[in-house]
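*Asks:* Right, I'll just put the structure down here and ask away after.
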Amino acid sequence: MRNRIIWVGDGPTPEIERQLIERWLQLDKRSAETAVEALANARVLVISCASAGDPVLSIAKERLIDQALRHGLMVRVIAPLENLGEVQTAVKTQFFRAEKLDAAEHLREFCESCARFEPGPDFSHLVAIEGAQTLNSEQIILLRRAFFDCTRVHLKRLEGGRSATVFLAHAELADSRAGAYPLPFFAKLDRRTKIERELTNYRECTTLFVPFYARPNIDEARCVLGAEYGLIVGNFVEQSEPLSAVVETGRGHSAINSLFEDALRGWRWQAHHGGYGMMVQRPVSQSMGGALYNKPANGRLFGYAKEAAKIGPVAAPDAIAQMLDTLPATSHMVALSHGDLHGNNVRVRLGGQAILIDFAAVTTAPLVSDPAHLEVSLAFHAVAAEKDWQETMTALYAPDALSSVPAPRTPTSPLSELWDTVRQIRRVGLGDEKTQGEYMNAIAVALLRKASHERDEKEQGSRRPYLVWLANRIANHLKARQPCQGTDRGK
């Protein structure tokens, strides 16, 4: 149990000591120079200083505060009431923002907040971590905290993810009744803010709404937060493959059905029966958070637009986004959305069972948003000769083709497997429309967003410019038909 309160500087008062003891907390008074060696398995670090010029404060900033955050400690800074402002300014570090300090004269809730704080599992320096050569010191600390009860953890890096680092983790338990070798874990490292958001999404949005067999189950006791990074640990989805690989081999039908009718059903159902779901009246792209997440458009998207001009006339990316964002308001249903649905964030088990992974981007969005992003991602990454890919994309994303399910193609046609999968996804997307043109609008947003990302090493160079051209063509079509945009599909 992490019950030690590391106290650096003046104090505490006898009353504070008494209250800490009553709460089964152990007070460990340290000098600023020796406190760092006691941080690993403590609960709270207290810095008590007289003023902004107190030597204790400078040592704490340099050596203690950020290290305490890496180990999961709560950091409390105490100063006289008249000096709180200057101390608050002086104590800020790279990761400690010091929004609130404790006045030495008013510590009524201090002991209770220490008792209620949960620092997470102990740190163990005895864990042998293999395969972590590329990780920094804080990331190693997080792993030693998460696998505190293990003697060894072997990491194998998994592909996918732009900011996160994800591993397949094989652990060896130090003392387990069931045996030393549990089933494999996944371990996901990312910036602290992103991990906090994903953990919140797991707790609030998945447990009661995504079937337990259609998602990884996280191990709350092993999920830890540091200063800059955080770590999620959960069950690895064994005996599965990415949806993109399943689609390429023509086996996508049952997986797509499982994804929308099973894995995502709990969220999408709310649009019809309350909860987060509701009918709204606004432009579709605004319900999706805007045609571009970040405006103005980044430099690389402008570069792609210049390349796209070789295909045909193309507006500036911000102008395309503006066209989509300022379309007339329409009635459409919204509910919780995965927010980053692509071929690698859906795993498929034998028999076509779809398993959702990566819940970092869960948000409220139109029902048409997830199908649109999924089909655009699958189409973009399809393996094909560039000529065949462009011909297929031109046909799939012609404005006239986005109002109905495409007609079947012969099995020998290029990218016939992708074509069949898109037909199936379109049935979902178009079936969710309450107003004609919703899905077309969502597709244009998905195309533009996909184009805004940095090129991958293996992708063909002309693909993102082509997406810009396609998005521009659809945006022009939607703008030209504005008087009809409010036509309800039910009329």
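Following the order of the structure tokens, chains are lettered A, B, ..., residues in each are numbered from 1, and ligands are numbered from 1.
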List as a PyMOL selection string the protein and nucleic acid residues near Arg191 of chain A, meaning an atom at most 10 Å away when only C-alpha atoms are counted, but skip any in the same chain fewer than 6 places from it.
*Replies:* chain A and resi 163-165+225-231
*Asks:* Just write the chosen residues, C-alpha atoms, as a compact mmCIF listing (two decimals), in the first residue's frame.
*Replies:*
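Heads up, here's the output in again20.txt:
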# COMPACT_ATOMS: atom_id res chain seq x y z
CA SER A 163 1.19 9.14 -31.75
CA ALA A 164 0.82 6.08 -29.54
CA THR A 165 3.33 3.28 -29.09
CA LEU A 225 -0.32 8.03 -15.45
CA GLY A 226 2.97 9.86 -15.30
CA ALA A 227 4.11 13.42 -15.89
CA GLU A 228 4.24 13.48 -19.69
CA TYR A 229 2.99 10.01 -20.61
CA GLY A 230 0.35 7.50 -19.61
CA LEU A 231 -0.04 3.76 -20.09
*Asks:* Which neighbours of Met333 of chain A fall inside 9 Å, counting only C-alpha atoms, when residues of the same chain fewer than 4 positions from it are skipped, and could you give them as a VMD selection string?
*Replies:* chain A and resid 271 to 272 277 to 281 365 to 368 432 to 434
*Asks:* Go ahead and write the residues just picked, N, CA and C atoms, as a PDB file, in the first residue's frame.
*Replies:*
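What landed in again07.pdb:
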ATOM      1  N   ALA A 271     -29.384   6.805 -30.664  1.00  0.00           N
ATOM      2  CA  ALA A 271     -29.919   7.847 -31.544  1.00  0.00           C
ATOM      3  C   ALA A 271     -31.425   7.712 -31.713  1.00  0.00           C
ATOM      4  N   HIS A 272     -31.940   6.513 -31.536  1.00  0.00           N
ATOM      5  CA  HIS A 272     -33.370   6.263 -31.713  1.00  0.00           C
ATOM      6  C   HIS A 272     -34.121   6.218 -30.388  1.00  0.00           C
ATOM      7  N   GLY A 277     -28.052   9.997 -27.866  1.00  0.00           N
ATOM      8  CA  GLY A 277     -28.594  10.158 -29.196  1.00  0.00           C
ATOM      9  C   GLY A 277     -29.720  11.170 -29.242  1.00  0.00           C
ATOM     10  N   MET A 278     -29.812  11.876 -30.354  1.00  0.00           N
ATOM     11  CA  MET A 278     -30.873  12.857 -30.512  1.00  0.00           C
ATOM     12  C   MET A 278     -30.892  13.316 -31.960  1.00  0.00           C
ATOM     13  N   MET A 279     -31.947  14.040 -32.308  1.00  0.00           N
ATOM     14  CA  MET A 279     -32.051  14.660 -33.620  1.00  0.00           C
ATOM     15  C   MET A 279     -31.620  16.115 -33.484  1.00  0.00           C
ATOM     16  N   VAL A 280     -30.730  16.538 -34.356  1.00  0.00           N
ATOM     17  CA  VAL A 280     -30.257  17.921 -34.308  1.00  0.00           C
ATOM     18  C   VAL A 280     -30.485  18.580 -35.659  1.00  0.00           C
ATOM     19  N   GLN A 281     -30.409  19.906 -35.664  1.00  0.00           N
ATOM     20  CA  GLN A 281     -30.591  20.681 -36.886  1.00  0.00           C
ATOM     21  C   GLN A 281     -29.385  21.600 -37.016  1.00  0.00           C
ATOM     22  N   ALA A 365     -21.269  12.385 -32.621  1.00  0.00           N
ATOM     23  CA  ALA A 365     -21.184  12.730 -34.041  1.00  0.00           C
ATOM     24  C   ALA A 365     -22.409  12.165 -34.764  1.00  0.00           C
ATOM     25  N   PRO A 366     -22.636  12.601 -36.004  1.00  0.00           N
ATOM     26  CA  PRO A 366     -23.754  12.040 -36.773  1.00  0.00           C
ATOM     27  C   PRO A 366     -23.606  10.527 -36.954  1.00  0.00           C
ATOM     28  N   LEU A 367     -24.721   9.837 -37.049  1.00  0.00           N
ATOM     29  CA  LEU A 367     -24.673   8.390 -37.281  1.00  0.00           C
ATOM     30  C   LEU A 367     -23.919   8.050 -38.563  1.00  0.00           C
ATOM     31  N   VAL A 368     -23.918   8.969 -39.525  1.00  0.00           N
ATOM     32  CA  VAL A 368     -23.257   8.692 -40.804  1.00  0.00           C
ATOM     33  C   VAL A 368     -21.736   8.843 -40.709  1.00  0.00           C
ATOM     34  N   ASP A 432     -28.895   5.420 -42.515  1.00  0.00           N
ATOM     35  CA  ASP A 432     -28.948   6.308 -41.354  1.00  0.00           C
ATOM     36  C   ASP A 432     -29.393   7.720 -41.712  1.00  0.00           C
ATOM     37  N   GLU A 433     -29.501   8.024 -42.978  1.00  0.00           N
ATOM     38  CA  GLU A 433     -29.870   9.382 -43.385  1.00  0.00           C
ATOM     39  C   GLU A 433     -31.303   9.725 -42.982  1.00  0.00           C
ATOM     40  N   LYS A 434     -31.453  10.909 -42.430  1.00  0.00           N
ATOM     41  CA  LYS A 434     -32.784  11.485 -42.233  1.00  0.00           C
ATOM     42  C   LYS A 434     -33.050  12.570 -43.271  1.00  0.00           C
TER      43      LYS A 434
END
*Asks:* Which of segment 197-399 of chain A end up as helix (DSSP H, G or I) when DSSP is run on this backbone - answer as a VMD selection string?
*Replies:* chain A and resid 197 to 206 212 to 214 220 to 222 243 to 248 252 to 263 265 to 268 270 to 273 284 to 287 299 to 308 317 to 325 369 to 380 386 to 396 399
*Asks:* Mind pulling up the distance from atom CA of Ser337 of chain A to atom CA of Val210 of chain A?
*Replies:*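 Atom CA of Ser337 of chain A lies 11.6 Å from atom CA of Val210 of chain A.
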*Asks:* Can you tell me, as number ranges by chain, which residues in segment 168-391 of chain A count as strand (DSSP E or B) by DSSP?
*Replies:* A: 168-173, 185-191, 218, 224-225, 229-235, 240-242, 278-282, 330-337, 346-349, 354-356, 363-366
*Asks:* Restricting the calculation to only C-alpha atoms: of A:Arg76, A:Arg116, A:Arg473, A:Arg215, which residue gets closest to Leu25 of chain A?
*Replies:*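 Nearest candidate to Leu25 of chain A out of A:Arg76, A:Arg116, A:Arg473, A:Arg215: A:Arg116.
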